[in-house]
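Student: Provided herewith: target34.cif, mmCIF, C-alpha atoms.
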data_final
loop_
_atom_site.group_PDB
_atom_site.id
_atom_site.type_symbol
_atom_site.label_atom_id
_atom_site.label_comp_id
_atom_site.auth_asym_id
_atom_site.auth_seq_id
_atom_site.Cartn_x
_atom_site.Cartn_y
_atom_site.Cartn_z
ATOM 1 C CA MET A 1189 39.915 180.546 112.298
ATOM 2 C CA ARG A 1190 39.431 182.850 109.314
ATOM 3 C CA LEU A 1191 38.797 186.494 110.205
ATOM 4 C CA ILE A 1192 37.554 189.450 108.184
ATOM 5 C CA PHE A 1193 36.928 193.135 108.767
ATOM 6 C CA ILE A 1194 33.369 194.517 108.626
ATOM 7 C CA HIS A 1195 33.139 198.284 109.251
ATOM 8 C CA GLY A 1196 36.611 198.127 110.771
ATOM 9 C CA VAL A 1197 35.716 195.371 113.254
ATOM 10 C CA ILE A 1198 37.381 191.943 113.170
ATOM 11 C CA VAL A 1199 34.809 189.140 113.016
ATOM 12 C CA SER A 1200 34.906 185.397 112.491
ATOM 13 C CA LEU A 1201 34.010 184.055 109.061
ATOM 14 C CA LEU A 1202 31.530 181.205 108.605
ATOM 15 C CA ARG A 1203 32.526 178.886 105.758
ATOM 16 C CA ILE A 1204 29.524 177.279 104.087
ATOM 17 C CA ALA A 1205 29.587 174.837 101.181
ATOM 18 C CA ILE A 1206 27.014 174.433 98.430
ATOM 19 C CA GLN A 1207 26.907 172.052 95.497
ATOM 20 C CA LYS A 1208 29.301 173.125 92.750
ATOM 21 C CA SER A 1209 26.926 171.971 90.025
ATOM 22 C CA GLY A 1210 23.769 169.926 90.167
ATOM 23 C CA ARG A 1211 20.118 169.989 91.118
ATOM 24 C CA LEU A 1212 20.644 172.008 94.346
ATOM 25 C CA THR A 1213 23.051 174.630 93.008
ATOM 26 C CA ASP A 1214 20.662 177.270 91.653
ATOM 27 C CA ALA A 1215 18.207 177.006 94.546
ATOM 28 C CA SER A 1216 21.031 177.240 97.101
ATOM 29 C CA ARG A 1217 22.432 180.352 95.445
ATOM 30 C CA ALA A 1218 18.946 181.853 95.285
ATOM 31 C CA LEU A 1219 18.360 181.220 98.995
ATOM 32 C CA ILE A 1220 21.604 182.951 99.951
ATOM 33 C CA SER A 1221 20.645 185.901 97.756
ATOM 34 C CA GLU A 1222 17.121 186.086 99.241
ATOM 35 C CA CYS A 1223 18.751 186.238 102.665
ATOM 36 C CA GLY A 1224 20.249 189.570 101.591
ATOM 37 C CA ILE A 1225 23.780 188.197 101.303
ATOM 38 C CA GLU A 1226 25.830 189.519 98.386
ATOM 39 C CA LEU A 1227 28.640 187.307 97.108
ATOM 40 C CA GLU A 1228 31.698 188.485 95.227
ATOM 41 C CA GLN A 1229 31.847 187.318 91.626
ATOM 42 C CA MET A 1230 34.941 185.125 91.535
ATOM 43 C CA GLY A 1231 34.768 183.847 87.956
ATOM 44 C CA ALA A 1232 35.829 180.211 87.883
ATOM 45 C CA SER A 1233 36.930 180.289 91.530
ATOM 46 C CA LEU A 1234 35.453 177.707 93.904
ATOM 47 C CA ARG A 1235 35.089 180.233 96.726
ATOM 48 C CA ALA A 1236 33.127 183.461 97.033
ATOM 49 C CA PRO A 1237 33.327 185.742 100.084
ATOM 50 C CA ALA A 1238 30.281 187.829 100.975
ATOM 51 C CA PHE A 1239 30.366 191.625 100.892
ATOM 52 C CA ASN A 1240 27.888 192.280 103.669
ATOM 53 C CA PHE A 1241 27.815 189.224 105.937
ATOM 54 C CA PRO A 1242 30.586 187.234 107.679
ATOM 55 C CA LEU A 1243 30.242 184.328 105.267
ATOM 56 C CA GLU A 1244 32.357 182.600 102.656
ATOM 57 C CA VAL A 1245 30.751 180.167 100.188
ATOM 58 C CA LEU A 1246 32.732 177.208 98.868
ATOM 59 C CA PHE A 1247 31.510 175.349 95.785
ATOM 60 C CA LEU A 1248 32.224 171.648 96.279
ATOM 61 C CA ARG A 1249 31.208 168.208 95.036
ATOM 62 C CA ASP A 1250 28.248 167.173 97.182
ATOM 63 C CA ASP A 1251 29.830 163.792 97.976
ATOM 64 C CA ASP A 1252 32.783 165.588 99.610
ATOM 65 C CA VAL A 1253 30.670 167.829 101.823
ATOM 66 C CA PRO A 1254 29.797 165.472 104.728
ATOM 67 C CA GLY A 1255 33.432 164.521 105.337
ATOM 68 C CA TYR A 1256 34.632 168.119 105.148
ATOM 69 C CA CYS A 1257 31.914 169.134 107.604
ATOM 70 C CA ASP A 1258 32.838 166.344 110.030
ATOM 71 C CA ASP A 1259 36.520 167.314 109.849
ATOM 72 C CA GLY A 1260 35.854 171.017 110.405
ATOM 73 C CA VAL A 1261 37.181 172.033 106.985
ATOM 74 C CA ILE A 1262 33.832 173.750 106.471
ATOM 75 C CA ASP A 1263 31.466 175.041 109.132
ATOM 76 C CA ALA A 1264 28.128 174.462 107.413
ATOM 77 C CA ALA A 1265 26.643 173.342 104.130
ATOM 78 C CA ILE A 1266 23.515 173.062 102.031
ATOM 79 C CA VAL A 1267 23.334 169.475 100.880
ATOM 80 C CA GLY A 1268 20.816 166.765 100.099
ATOM 81 C CA ARG A 1269 19.773 164.718 103.119
ATOM 82 C CA ASN A 1270 20.522 161.601 101.053
ATOM 83 C CA VAL A 1271 24.183 162.646 100.756
ATOM 84 C CA LEU A 1272 24.408 163.327 104.477
ATOM 85 C CA VAL A 1273 22.983 159.927 105.469
ATOM 86 C CA GLU A 1274 24.909 157.994 102.835
ATOM 87 C CA GLY A 1275 28.159 159.561 104.058
ATOM 88 C CA ARG A 1276 27.479 158.467 107.666
ATOM 89 C CA SER A 1277 28.126 162.068 108.637
ATOM 90 C CA LEU A 1278 28.098 163.367 112.209
ATOM 91 C CA ALA A 1279 27.000 166.812 111.009
ATOM 92 C CA LYS A 1280 23.849 168.238 112.575
ATOM 93 C CA ILE A 1281 20.775 169.066 110.505
ATOM 94 C CA VAL A 1282 19.986 172.675 111.390
ATOM 95 C CA ARG A 1283 17.041 173.232 109.024
ATOM 96 C CA GLU A 1284 15.120 171.403 106.334
ATOM 97 C CA LEU A 1285 14.985 173.825 103.413
ATOM 98 C CA GLY A 1286 12.013 172.549 101.427
ATOM 99 C CA PHE A 1287 13.612 172.388 97.976
ATOM 100 C CA GLY A 1288 15.400 169.632 96.084
ATOM 101 C CA ARG A 1289 12.772 167.099 97.123
ATOM 102 C CA CYS A 1290 13.308 163.618 95.734
ATOM 103 C CA ARG A 1291 13.179 159.988 96.767
ATOM 104 C CA LEU A 1292 15.597 157.087 96.658
ATOM 105 C CA SER A 1293 13.804 154.182 95.040
ATOM 106 C CA ILE A 1294 14.384 150.662 93.814
ATOM 107 C CA ALA A 1295 13.390 150.054 90.206
ATOM 108 C CA VAL A 1296 13.305 146.929 88.055
ATOM 109 C CA PRO A 1297 13.018 146.386 84.297
ATOM 110 C CA LYS A 1298 9.493 146.685 82.963
ATOM 111 C CA GLY A 1299 7.903 143.258 82.616
ATOM 112 C CA SER A 1300 9.978 141.661 85.366
ATOM 113 C CA SER A 1301 8.368 139.167 87.749
ATOM 114 C CA TYR A 1302 8.555 141.523 90.743
ATOM 115 C CA ARG A 1303 5.707 140.848 93.198
ATOM 116 C CA SER A 1304 6.888 142.169 96.572
ATOM 117 C CA ILE A 1305 10.046 143.207 98.348
ATOM 118 C CA GLU A 1306 10.913 139.524 98.799
ATOM 119 C CA SER A 1307 11.437 139.410 95.035
ATOM 120 C CA LEU A 1308 14.723 141.257 95.618
ATOM 121 C CA ASN A 1309 16.252 138.210 97.317
ATOM 122 C CA GLY A 1310 19.194 136.949 95.300
ATOM 123 C CA LEU A 1311 19.243 139.877 92.890
ATOM 124 C CA CYS A 1312 22.140 142.206 92.098
ATOM 125 C CA ILE A 1313 21.125 145.829 92.683
ATOM 126 C CA ALA A 1314 23.193 148.639 91.163
ATOM 127 C CA THR A 1315 23.335 151.905 93.116
ATOM 128 C CA SER A 1316 25.362 154.936 94.121
ATOM 129 C CA TYR A 1317 23.920 154.654 97.634
ATOM 130 C CA PRO A 1318 25.200 151.340 99.051
ATOM 131 C CA ASN A 1319 24.903 152.410 102.693
ATOM 132 C CA ILE A 1320 21.267 153.530 102.580
ATOM 133 C CA LEU A 1321 20.301 150.585 100.412
ATOM 134 C CA GLY A 1322 22.210 148.137 102.602
ATOM 135 C CA ASP A 1323 20.500 149.413 105.744
ATOM 136 C CA PHE A 1324 17.092 149.141 104.082
ATOM 137 C CA LEU A 1325 17.639 145.565 102.895
ATOM 138 C CA LYS A 1326 19.112 144.430 106.218
ATOM 139 C CA ALA A 1327 16.185 145.859 108.198
ATOM 140 C CA ARG A 1328 13.795 143.821 106.051
ATOM 141 C CA GLY A 1329 15.763 140.595 105.984
ATOM 142 C CA ILE A 1330 16.505 140.777 102.258
ATOM 143 C CA THR A 1331 19.688 139.165 100.931
ATOM 144 C CA ALA A 1332 20.866 140.804 97.727
ATOM 145 C CA THR A 1333 24.168 141.762 96.114
ATOM 146 C CA ILE A 1334 24.864 145.502 96.005
ATOM 147 C CA GLN A 1335 26.845 146.661 92.982
ATOM 148 C CA GLU A 1336 28.197 150.142 93.696
ATOM 149 C CA ILE A 1337 28.513 152.340 90.614
ATOM 150 C CA SER A 1338 28.598 156.089 90.046
ATOM 151 C CA GLY A 1339 26.566 157.959 87.478
ATOM 152 C CA SER A 1340 24.013 156.682 84.965
ATOM 153 C CA VAL A 1341 22.723 154.032 87.350
ATOM 154 C CA GLU A 1342 19.564 153.634 85.286
ATOM 155 C CA VAL A 1343 21.464 151.961 82.417
ATOM 156 C CA ALA A 1344 22.924 149.238 84.675
ATOM 157 C CA PRO A 1345 20.347 146.504 83.862
ATOM 158 C CA SER A 1346 20.681 147.029 80.117
ATOM 159 C CA ILE A 1347 24.485 146.534 80.218
ATOM 160 C CA GLY A 1348 24.497 143.648 82.669
ATOM 161 C CA LEU A 1349 25.637 145.478 85.814
ATOM 162 C CA GLY A 1350 22.539 144.593 87.819
ATOM 163 C CA GLU A 1351 19.069 143.116 87.715
ATOM 164 C CA ALA A 1352 17.612 146.129 89.543
ATOM 165 C CA ILE A 1353 18.728 149.615 90.491
ATOM 166 C CA CYS A 1354 18.400 151.968 93.445
ATOM 167 C CA ASP A 1355 18.629 155.619 92.489
ATOM 168 C CA LEU A 1356 17.233 159.096 93.137
ATOM 169 C CA VAL A 1357 13.867 159.778 91.539
ATOM 170 C CA SER A 1358 12.095 163.102 91.042
ATOM 171 C CA SER A 1359 9.496 162.766 88.297
ATOM 172 C CA GLY A 1360 10.264 159.195 87.281
ATOM 173 C CA SER A 1361 10.628 160.107 83.597
ATOM 174 C CA THR A 1362 14.263 158.926 83.454
ATOM 175 C CA LEU A 1363 13.258 155.508 84.747
ATOM 176 C CA LEU A 1364 10.478 155.191 82.173
ATOM 177 C CA SER A 1365 12.750 156.236 79.312
ATOM 178 C CA ASN A 1366 15.143 153.443 80.302
ATOM 179 C CA GLY A 1367 12.454 150.796 80.561
ATOM 180 C CA LEU A 1368 12.378 150.695 84.365
ATOM 181 C CA VAL A 1369 9.514 150.616 86.841
ATOM 182 C CA GLU A 1370 9.731 152.064 90.366
ATOM 183 C CA VAL A 1371 8.742 149.375 92.902
ATOM 184 C CA GLU A 1372 10.004 150.478 96.337
ATOM 185 C CA THR A 1373 10.681 153.906 97.868
ATOM 186 C CA ILE A 1374 13.332 153.499 100.544
ATOM 187 C CA PHE A 1375 14.276 157.067 101.491
ATOM 188 C CA SER A 1376 12.869 160.598 101.127
ATOM 189 C CA SER A 1377 15.219 163.525 100.739
ATOM 190 C CA GLN A 1378 15.359 167.284 100.412
ATOM 191 C CA ALA A 1379 17.963 170.018 100.807
ATOM 192 C CA VAL A 1380 19.067 170.595 104.392
ATOM 193 C CA LEU A 1381 21.311 173.090 106.135
ATOM 194 C CA ILE A 1382 23.904 171.216 108.186
ATOM 195 C CA SER A 1383 26.628 172.345 110.552
ATOM 196 C CA SER A 1384 29.885 170.905 111.782
ATOM 197 C CA PRO A 1385 29.582 168.974 115.084
ATOM 198 C CA GLU A 1386 31.817 171.526 116.799
ATOM 199 C CA LEU A 1387 31.671 175.248 116.111
ATOM 200 C CA SER A 1388 33.204 178.084 118.094
ATOM 201 C CA PRO A 1389 30.777 180.378 119.942
ATOM 202 C CA GLU A 1390 31.510 183.098 117.382
ATOM 203 C CA LYS A 1391 30.590 180.848 114.473
ATOM 204 C CA VAL A 1392 27.499 179.547 116.268
ATOM 205 C CA SER A 1393 26.352 183.163 116.545
ATOM 206 C CA ILE A 1394 26.888 183.764 112.809
ATOM 207 C CA LEU A 1395 25.059 180.536 111.959
ATOM 208 C CA GLU A 1396 22.128 181.603 114.135
ATOM 209 C CA GLN A 1397 21.964 184.919 112.241
ATOM 210 C CA LEU A 1398 21.943 183.021 108.948
ATOM 211 C CA VAL A 1399 19.206 180.668 110.180
ATOM 212 C CA PHE A 1400 17.142 183.666 111.288
ATOM 213 C CA ARG A 1401 17.265 185.013 107.730
ATOM 214 C CA ILE A 1402 16.515 181.611 106.187
ATOM 215 C CA ASP A 1403 13.475 181.213 108.450
ATOM 216 C CA ALA A 1404 12.184 184.634 107.394
ATOM 217 C CA VAL A 1405 12.555 183.704 103.719
ATOM 218 C CA SER A 1406 10.964 180.270 104.222
ATOM 219 C CA ARG A 1407 7.918 181.698 106.011
ATOM 220 C CA ALA A 1408 7.469 184.258 103.241
ATOM 221 C CA ARG A 1409 7.469 181.526 100.584
ATOM 222 C CA LYS A 1410 4.607 179.780 102.354
ATOM 223 C CA THR A 1411 2.427 182.834 102.950
ATOM 224 C CA LYS A 1412 0.634 185.521 100.959
ATOM 225 C CA TYR A 1413 -0.479 189.042 101.794
ATOM 226 C CA ILE A 1414 -4.235 189.281 101.251
ATOM 227 C CA THR A 1415 -6.331 192.414 100.804
ATOM 228 C CA LEU A 1416 -10.058 192.419 100.137
ATOM 229 C CA ASN A 1417 -13.028 194.774 100.254
ATOM 230 C CA THR A 1418 -16.109 193.880 102.254
ATOM 231 C CA PRO A 1419 -19.394 195.357 103.507
ATOM 232 C CA ASN A 1420 -18.982 196.275 107.162
ATOM 233 C CA GLU A 1421 -21.721 193.877 108.248
ATOM 234 C CA ALA A 1422 -19.730 190.961 106.762
ATOM 235 C CA ILE A 1423 -16.517 191.755 108.665
ATOM 236 C CA PRO A 1424 -17.121 189.390 111.629
ATOM 237 C CA GLU A 1425 -17.791 186.398 109.363
ATOM 238 C CA ILE A 1426 -14.805 187.120 107.117
ATOM 239 C CA VAL A 1427 -12.478 187.633 110.095
ATOM 240 C CA ASN A 1428 -13.499 184.208 111.377
ATOM 241 C CA LEU A 1429 -12.594 182.683 108.011
ATOM 242 C CA LEU A 1430 -9.091 184.174 107.817
ATOM 243 C CA PRO A 1431 -6.381 182.246 109.720
ATOM 244 C CA GLY A 1432 -3.861 185.091 109.685
ATOM 245 C CA LEU A 1433 -0.771 185.748 111.801
ATOM 246 C CA LYS A 1434 -2.885 187.972 114.044
ATOM 247 C CA SER A 1435 -6.202 189.782 113.738
ATOM 248 C CA PRO A 1436 -6.458 191.387 110.289
ATOM 249 C CA SER A 1437 -6.204 195.128 109.812
ATOM 250 C CA VAL A 1438 -9.518 196.797 108.959
ATOM 251 C CA LEU A 1439 -9.441 200.147 107.149
ATOM 252 C CA PRO A 1440 -12.522 202.195 106.160
ATOM 253 C CA LEU A 1441 -13.069 202.870 102.472
ATOM 254 C CA VAL A 1442 -14.362 206.098 100.943
ATOM 255 C CA THR A 1443 -17.582 204.276 100.046
ATOM 256 C CA PRO A 1444 -19.842 204.376 103.122
ATOM 257 C CA GLY A 1445 -20.440 201.020 104.789
ATOM 258 C CA TRP A 1446 -17.393 199.363 103.233
ATOM 259 C CA SER A 1447 -13.953 198.479 104.581
ATOM 260 C CA SER A 1448 -10.702 196.933 103.374
ATOM 261 C CA LEU A 1449 -9.226 193.944 105.234
ATOM 262 C CA HIS A 1450 -5.488 193.195 105.195
ATOM 263 C CA THR A 1451 -3.939 190.010 106.540
ATOM 264 C CA VAL A 1452 -1.331 187.302 105.959
ATOM 265 C CA VAL A 1453 -2.378 183.689 105.388
ATOM 266 C CA GLY A 1454 -0.792 180.444 104.280
ATOM 267 C CA GLU A 1455 -1.064 180.019 100.529
ATOM 268 C CA ASP A 1456 -2.528 176.521 100.857
ATOM 269 C CA ASP A 1457 -5.142 177.808 103.328
ATOM 270 C CA PHE A 1458 -6.092 180.667 101.056
ATOM 271 C CA TRP A 1459 -6.985 178.552 98.036
ATOM 272 C CA GLY A 1460 -9.440 176.616 100.150
ATOM 273 C CA LEU A 1461 -11.031 179.861 101.390
ATOM 274 C CA ILE A 1462 -11.662 181.765 98.163
ATOM 275 C CA GLU A 1463 -15.233 180.598 97.596
ATOM 276 C CA LYS A 1464 -16.136 180.999 101.285
ATOM 277 C CA LEU A 1465 -14.785 184.569 101.270
ATOM 278 C CA LYS A 1466 -16.755 185.446 98.142
ATOM 279 C CA ILE A 1467 -19.948 183.938 99.564
ATOM 280 C CA ALA A 1468 -19.412 185.954 102.748
ATOM 281 C CA GLY A 1469 -19.297 189.164 100.681
ATOM 282 C CA ALA A 1470 -15.589 189.733 99.947
ATOM 283 C CA GLN A 1471 -14.805 191.589 96.719
ATOM 284 C CA GLY A 1472 -11.670 192.866 94.991
ATOM 285 C CA ILE A 1473 -9.489 190.158 96.526
ATOM 286 C CA LEU A 1474 -5.762 190.769 95.929
ATOM 287 C CA VAL A 1475 -3.062 188.160 96.616
ATOM 288 C CA LEU A 1476 0.437 189.637 96.938
ATOM 289 C CA PRO A 1477 3.833 187.965 97.394
ATOM 290 C CA ILE A 1478 5.800 188.562 100.605
ATOM 291 C CA GLU A 1479 9.563 188.997 100.621
ATOM 292 C CA LYS A 1480 10.251 188.235 104.303
ATOM 293 C CA VAL A 1481 8.211 187.269 107.361
ATOM 294 C CA ILE A 1482 9.808 187.998 110.733
ATOM 295 C CA ALA A 1483 8.176 186.002 113.502
#
Would you give me this structure, written as structure tokens?
Tutor:
Amino acid sequence: MRLIFIHGVIVSLLRIAIQKSGRLTDASRALISECGIELEQMGASLRAPAFNFPLEVLFLRDDDVPGYCDDGVIDAAIVGRNVLVEGRSLAKIVRELGFGRCRLSIAVPKGSSYRSIESLNGLCIATSYPNILGDFLKARGITATIQEISGSVEVAPSIGLGEAICDLVSSGSTLLSNGLVEVETIFSSQAVLISSPELSPEKVSILEQLVFRIDAVSRARKTKYITLNTPNEAIPEIVNLLPGLKSPSVLPLVTPGWSSLHTVVGEDDFWGLIEKLKIAGAQGILVLPIEKVIA
């Protein structure tokens, strides 16, 4: 167990892995920063201890993370759910993080005779995800050859490595540029926080503190602080329209008969309420970002 000193007190150190380079790297770093955790700048080093939290970040290949987590080499990680499932990992999903959303899909060359999933029978499908793909095909009674390759899966049909592919898709532009058409979505993924199957009580406590901070950041991303001015007679109607955390704050304005309402609402809810608020008499509506929301 790695130990460090914080304010002269010995504490356990939680080792968490994030993707060394790739689509989750920047967002994972940003999340750690938004949680108020400052990492040492280690140059080209693959590890970075935190100054102000009992945490050490390791920068690893995402394919290595599930095994390291299962073996207890690392205590936790931010990784794509697709990597976790493909690796048959025993790690526990602690939180879905809401970024890095993508899907694992089967695609075929444009103009192929694909009609339904049964069209996959007898084909060779190139993929970097043989386990997920194999489970999907087996569950649907499809017999196909799986050609496992790594990297640049989308070029497989054009070089004779497969008649179809199964790969991660975000916008679909890469498929189109390679003359492929998405025909089946077999798995949905996003970044998740995972933990080793067995953690000491000390490390469980540190992980819970980290999760508390992540939850506060996640709630803030989904909500906005709203202020608006309203005639006093319109307050009851406007209060009924606002689905805030609790009853909104109402403050009198210098102008007689007018007040200012302050509340917190979900961003998606707010956009559907704008016209109703204006019709009810709201004016000077301000929408402000929130840094943290502590439930």
Student: Apply the PyMOL selection byres ((chain A and resi 1215) around 12) to the structure shown and report the selected residues as a PyMOL selection string.
Tutor: chain A and resi 1206-1214+1216-1222+1266-1268+1285-1289+1378-1380
Student: Centre and edge lengths of an axis-aligned box around all listed atoms of region 1379-1395 of chain A, with 6 Å added on each side, are to be given in Å to one decimal, as JSON.
Tutor:
{"center_x": 25.6, "center_y": 176.4, "center_z": 110.4, "size_x": 27.2, "size_y": 26.8, "size_z": 31.1}
Student: Please provide as a PyMOL selection string all residues within 8 Å of Ile1294 (chain A), with the sequence filter that same-chain residues fewer than 5 positions apart are discarded (counting all atoms listed in the file).
Tutor: chain A and resi 1352-1355+1370-1374
Student: Looking at all atoms listed in the file, which of A:His1450, A:Arg1401, A:Arg1203, A:Lys1326 is the one that sits closest to Pro1436 (chain A)?
Tutor: A:His1450
Student: Apply the PyMOL selection byres ((chain A and resi 1470) around 12) to the file shown and report the selected residues as a PyMOL selection string.
Tutor: chain A and resi 1414-1427+1429-1430+1446-1450+1461-1469+1471-1474
Student: Env of region 1234-1247 of chain A: 12 Å cut, atoms = only C-alpha atoms, seq-sep filter 4 positions within chain, self excluded. Answer as an MDAnalysis selection string.
Tutor: chainID A and resid 1190:1195 1197:1210 1212:1214 1216:1217 1220:1221 1223:1230 1251:1253 1256:1257 1261:1267 1390:1395 1397:1398 1401
Student: Between A:Cys1290, A:Val1475, A:Val1399, A:Ala1314, which residue has the minimum interatomic distance to Ile1347 (chain A), considering all atoms listed in the file?
Tutor: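 Ranked by minimum distance to Ile1347 (chain A), first place goes to A:Ala1314.
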Student: Hey, what comes out of the PyMOL selection byres ((chain A and resi 1331) around 10) on this file? Could you write it as a list of chain:residue names?
Tutor: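 When the PyMOL selection byres ((chain A and resi 1331) around 10) is applied to the shown file, the picked residues are A:Glu1306, A:Leu1308, A:Asn1309, A:Gly1310, A:Leu1311, A:Cys1312, A:Gly1322, A:Leu1325, A:Lys1326, A:Arg1328, A:Gly1329, A:Ile1330, A:Ala1332, A:Thr1333, A:Ile1334.
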Student: Of the candidates A:Glu1336, A:Glu1386, A:Glu1479, A:Asp1323, which shows the shortest atom-to-atom distance to Leu1278 (chain A), using only C-alpha atoms?
Tutor: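 Nearest to Leu1278 (chain A): A:Glu1386.
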Student: What gap, in Å, lies between CA of Ala1327 (chain A) and CA of Arg1269 (chain A)?
Tutor: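 Those two atoms sit 19.9 Å apart.
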Student: Got a sec to check which residues sit within 12 Å of (8.6, 146.4, 78.3), counting only C-alpha atoms, and write them as a PyMOL selection string?
Tutor: chain A and resi 1296-1301+1364-1369
Student: What is the distance, in Å and to one decimal place, between CA of Leu1349 (chain A) and CA of Pro1254 (chain A)?
Tutor: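 These two atoms are separated by 27.8 Å.
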Student: What does the distance from CA of Glu1455 (chain A) to CA of Arg1291 (chain A) come to in Å, to one decimal?
Tutor: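 Spanning CA of Glu1455 (chain A) to CA of Arg1291 (chain A) is a straight-line distance of 24.9 Å.
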Student: Kindly indicate which residue among A:Pro1444, A:Gly1275, A:Pro1477, A:Pro1345 lies nearest to Lys1410 (chain A), using all atoms listed in the file for the distances.
Tutor: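 Smallest distance to Lys1410 (chain A) is found for A:Pro1477.
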